[in-house]
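One structure is given below, encoded as structure tokens.
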Protein chains: 4
Amino acid sequence: MPTPAAPVMSAPEVSAYLDEVFPQIKANGDSISVMDVSHGTALVRLDADERHVRPGGTVSGPTLFMLADLAAYAVILAHIGRVALAVTTNLNINFLMKPEPGPLDATATILKLGKRLVVTDIGIRDLRGDLVAQATATYSIPPREG
Amino acid sequence: MPTPAAPVMSAPEVSAYLDEVFPQIKANGDSISVMDVSHGTALVRLDADERHVRPGGTVSGPTLFMLADLAAYAVILAHIGRVALAVTTNLNINFLMKPEPGPLDATATILKLGKRLVVTDIGIRDLRGDLVAQATATYSIPPREG
Amino acid sequence: MPTPAAPVMSAPEVSAYLDEVFPQIKANGDSISVMDVSHGTALVRLDADERHVRPGGTVSGPTLFMLADLAAYAVILAHIGRVALAVTTNLNINFLMKPEPGPLDATATILKLGKRLVVTDIGIRDLRGDLVAQATATYSIPPREG
Amino acid sequence: MPTPAAPVMSAPEVSAYLDEVFPQIKANGDSISVMDVSHGTALVRLDADERHVRPGGTVSGPTLFMLADLAAYAVILAHIGRVALAVTTNLNINFLMKPEPGPLDATATILKLGKRLVVTDIGIRDLRGDLVAQATATYSIPPREG
């Protein structure tokens with residue numbers, strides 16, 4: 001099996017870049033941290049609270065989508081550098097369990113790193129390690145200069 | 001082609017119910033209105049503003065996801081009544097254009113109204129009528145009493 | 001709402017081209033016809049028979065996938081010409097009813113015609129007009145010469 | 001992380017059952033084998049040949065879909081027993097590389113084993129171990145007797 005490429009940005013560098021290009025995340029009060037980046041993967045944590053729940057008191061679908069999409073963005077930034085204008089073209093998400101508020105860990109893995117498209121898989125787990133959502137996201141990468 | 005069922009709740013009734021079960025939407029300051037419900041469809045409008053943008057100044061993916069998911073929820077409520085605990089099991093979204101902030105209209109259509117699963121299609125258009133995102137969402141419906 | 005582009009190939013031209021580049025379809029004995037192409041759409045019919053059924057006697061998922069994928073290919077060919085190497089990058093399909101063998105009509109509609117990606121929606125209906133499956137497919141288009 | 005359940009059918013038992021309920025696979029001449037089943041996973045191999053190719057000489061999308069769908073079916077049978085009428089409700093597939101004809105290995109993993117819905121992830125690799133397609137499939141399980 002082919003070895004994934006090494007990251008070109010560290011977890012703190014990706015975090016700082018997200019703060020810079022997505023000031024809304026902090027303005028919105030969301031607590032999101034890039035915990036780790038490694039060969040082909042990134043781990044992003046959200047501390048979900050009362051603002052993220054839906055009827056029934058569990059974390060809402062849009063919150064899980066946002067976390068999955070952000071983890072995909074983080075793993076792409078980590079591996080190809082500062083491309084703020086990379087955009088999601090498709091995201092498919094399966095909601096498997098209804099998580100309680102609390103820390104949620106999204107692990108994004110690069111499935112394909114093409115010149116124009118990057119395909120990623122994202123699994124979101126709660127503190128017990130239960131898989132609460134699984135997604136695949138495709139990002140379109142703007143042309144880069146030689 | 002079979003005729004879709006008539007709605008059992010009106011647009012204002014769905015709006016009022018959403019306000020009741022999703023107080024976060026208003027608390028978050030989002031301006032979302034159920035504009036219309038009809039046989040098998042619902043029209044939900046979001047006034048996207050600066051809080052909804054991503055790098056590049058266009059409306060973010062999570063915002064479009066939230067609107068698509070909410071429009072699907074609205075069309076289901078409108079046709080089967082107050083089932084707050086209906087939950088999304090799968091949502092697939094294609095992002096087609098990067099919309100500017102402003103009014104975005106999501107039209108959700110019921111593709112299948114089963115006893116346990118409801119499948120919906122959602123198209124989101126900007127003021128010019130351009131299709132900016134398209135999604136399909138599946139909801140699981142909790143058992144109802146006879 | 002913007003007017004979709006006019007097709008550049010007729011239904012018989014798309015049919016003849018499919019026969020040329022996909023000889024397996026005929027070799028496999030499948031009866032597939034491009035019935036119509038129009039602004040942004042194509043209609044492709046499959047006569048599903050005993051070879052296409054699954055346990056329970058209804059038409060199998062792979063058969064419906066194949067029809068959806070082929071209808072997407074047909075609408076793309078019809079609108080951008082002979083690009084045999086256009087390839088599916090993503091296909092999401094919802095199976096809504098279990099159709100009996102017999103004619104199945106797939107209507108493919110172009111949602112976005114980009115330079116690199118084309119996004120299509122496909123609805124498959126049986127003879128009664130019931131929607132049996134709905135799909136969205138993204139194709140990657142190889143670079144074309146000026 | 002929770003331990004997945006042990007399978008209730010062996011690989012040869014699943015193979016024999018597939019031959020029984022899907023006689024078309026053999027009639028069609030497809031060479032498909034259930035190689036292994038384990039806690040929460042199944043490995044299914046297809047020997048793709050000339051009948052499975054598309055323009056360009058690589059294995060077609062419908063072939064990869066069929067393999068993904070069958071591997072999902074196999075892992076479900078292996079873990080809940082002979083439920084021929086389990087049906088796919090949704091399948092999302094990303095095509096990552098264009099594989100040459102030859103052996104293709106699909107590994108299906110159960111993400112959620114619910115009473116009514118089973119969600120699976122499927123990765124398809126070629127002989128070199130390169131990931132050529134990734135899919136998620138949801139199956140609806142008919143009610144079982146106590």
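By convention in this document, the chains of the structure tokens carry letters A, B, ... by their order, each chain's residues are numbered from 1, and ligands are numbered from 1 in the order they are shown.
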
Next item on the list: Provide as a ChimeraX atom specification the residues of chain C at most 9 Å from chain A, counting only C-alpha atoms.
Entry: /C:90,92,116

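Running DSSP on the backbone and keeping only alpha helix (DSSP H), the residues of stretch 36-88 of chain B that qualify are Gly61, Pro62, Thr63, Leu64, Phe65, Met66, Leu67, Ala68, Asp69, Leu70, Ala71, Ala72, Tyr73, Ala74, Val75, Ile76, Leu77, Ala78, His79 and Ile80 of chain B.
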
Margin query: Please list as a ChimeraX atom specification every residue within 9 Å of D:Lys112, counting only C-alpha atoms and excluding residues in the same chain fewer than 4 positions away.
Written below: /A:96-97,131 /D:117-120

For the residues in that selection, give me N, CA and C atoms as an mmCIF file, in the first residue's frame.
data_model
loop_
_atom_site.group_PDB
_atom_site.id
_atom_site.type_symbol
_atom_site.label_atom_id
_atom_site.label_comp_id
_atom_site.auth_asym_id
_atom_site.auth_seq_id
_atom_site.Cartn_x
_atom_site.Cartn_y
_atom_site.Cartn_z
ATOM 1 N N LEU A 96 -24.776 8.353 12.394
ATOM 2 C CA LEU A 96 -24.875 6.983 12.898
ATOM 3 C C LEU A 96 -25.425 6.921 14.319
ATOM 4 N N MET A 97 -25.064 7.874 15.139
ATOM 5 C CA MET A 97 -25.567 7.945 16.516
ATOM 6 C C MET A 97 -25.851 9.400 16.825
ATOM 7 N N LEU A 131 -18.367 5.684 16.936
ATOM 8 C CA LEU A 131 -18.445 6.437 15.685
ATOM 9 C C LEU A 131 -19.835 7.061 15.576
ATOM 10 N N LEU D 117 -31.588 -0.274 9.946
ATOM 11 C CA LEU D 117 -30.624 0.185 8.950
ATOM 12 C C LEU D 117 -29.229 -0.304 9.313
ATOM 13 N N VAL D 118 -28.484 -0.721 8.289
ATOM 14 C CA VAL D 118 -27.077 -1.047 8.471
ATOM 15 C C VAL D 118 -26.279 -0.128 7.546
ATOM 16 N N VAL D 119 -25.276 0.543 8.094
ATOM 17 C CA VAL D 119 -24.431 1.429 7.297
ATOM 18 C C VAL D 119 -23.048 0.804 7.179
ATOM 19 N N THR D 120 -22.544 0.764 5.948
ATOM 20 C CA THR D 120 -21.252 0.117 5.693
ATOM 21 C C THR D 120 -20.337 1.046 4.914
#

Pick out each residue of stretch 51-129 of chain A that DSSP on the backbone tags as strand (DSSP E or B); I need them as a compact mmCIF listing (two decimals) with C-alpha atoms, in the first residue's frame.
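So the final result, stored in part34.txt, reads:
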# COMPACT_ATOMS: atom_id res chain seq x y z
CA VAL A 53 -27.97 20.78 20.09
CA VAL A 59 -25.61 17.50 18.78
CA VAL A 87 -13.75 24.64 -1.84
CA THR A 88 -15.95 21.68 -1.05
CA THR A 89 -17.67 20.39 -4.18
CA ASN A 90 -19.41 17.38 -2.62
CA LEU A 91 -19.96 16.13 0.90
CA ASN A 92 -21.84 12.97 1.82
CA ILE A 93 -22.50 12.35 5.50
CA ASN A 94 -24.06 9.44 7.37
CA PHE A 95 -25.34 10.16 10.86
CA GLY A 102 -19.07 17.25 24.82
CA PRO A 103 -15.82 16.75 22.94
CA LEU A 104 -16.13 15.26 19.45
CA ASP A 105 -13.06 14.13 17.53
CA ALA A 106 -13.01 14.19 13.72
CA THR A 107 -10.26 12.25 11.97
CA ALA A 108 -9.90 13.23 8.32
CA THR A 109 -7.91 11.00 5.96
CA ILE A 110 -6.86 11.81 2.41
CA LEU A 111 -8.15 9.12 0.02
CA LYS A 112 -6.90 10.80 -3.15
CA LEU A 113 -4.65 13.82 -3.56
CA LEU A 117 -9.56 17.25 -6.70
CA VAL A 118 -8.82 15.97 -3.21
CA VAL A 119 -11.08 13.26 -1.78
CA THR A 120 -11.18 12.76 1.98
CA ASP A 121 -12.87 10.44 4.46
CA ILE A 122 -13.91 11.75 7.87
CA GLY A 123 -14.96 9.78 10.94
CA ILE A 124 -16.35 11.57 14.00
CA ARG A 125 -16.16 9.83 17.38

Next item on the list: Compare A:Asp130, A:Asp36, A:Glu100, A:Asp69 by their minimum atom-to-atom distance to A:His52, counting only C-alpha atoms, and give me the closest one.
Entry: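 Of all the options, A:Glu100 lies closest to A:His52.
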
Next item on the list: Find the spatial neighbours of D:Ala11, counting only C-alpha atoms, within a cut-off of 7 Å - ignore same-chain residues fewer than 2 positions away - and output them as a PyMOL selection string.
Entry: chain D and resi 9+13-15+34-37

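Counting only C-alpha atoms, the residue from B:Pro55, B:Pro4, B:Gly61, B:Pro99 that sits nearest to A:Val21 is B:Pro55.
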
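Reported to one decimal place, the separation of atom CA of D:Lys98 from atom CA of D:Gly57 is 9.0 Å.
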
Next item on the list: Find the residues near D:Pro142: any atom within 8 Å, counting only C-alpha atoms, skip ones fewer than 5 places away on the same chain, and give them as number ranges by chain.
Entry: D: 83, 85-86, 116

Those same residues - C-alpha atoms - I'd like them written as a JSON list (two decimals), in the first residue's frame.
[["chain", "number", "residue", "atom", "x", "y", "z"],
["D", 83, "VAL", "CA", -31.71, -12.01, 4.90],
["D", 85, "LEU", "CA", -34.45, -9.24, 1.11],
["D", 86, "ALA", "CA", -32.10, -6.74, 2.73],
["D", 116, "ARG", "CA", -33.64, -1.31, 10.68]]

Next item on the list: Please identify all polymer residues within 12 Å of C:Gly29, counting only C-alpha atoms, omitting same-chain residues fewer than 6 positions from it, and present them as a ChimeraX atom specification.
Entry: /C:19,23,46-52 /D:28

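Atom to atom, atom CA of A:Val44 and atom CA of A:Gly81 stand 17.0 Å apart.
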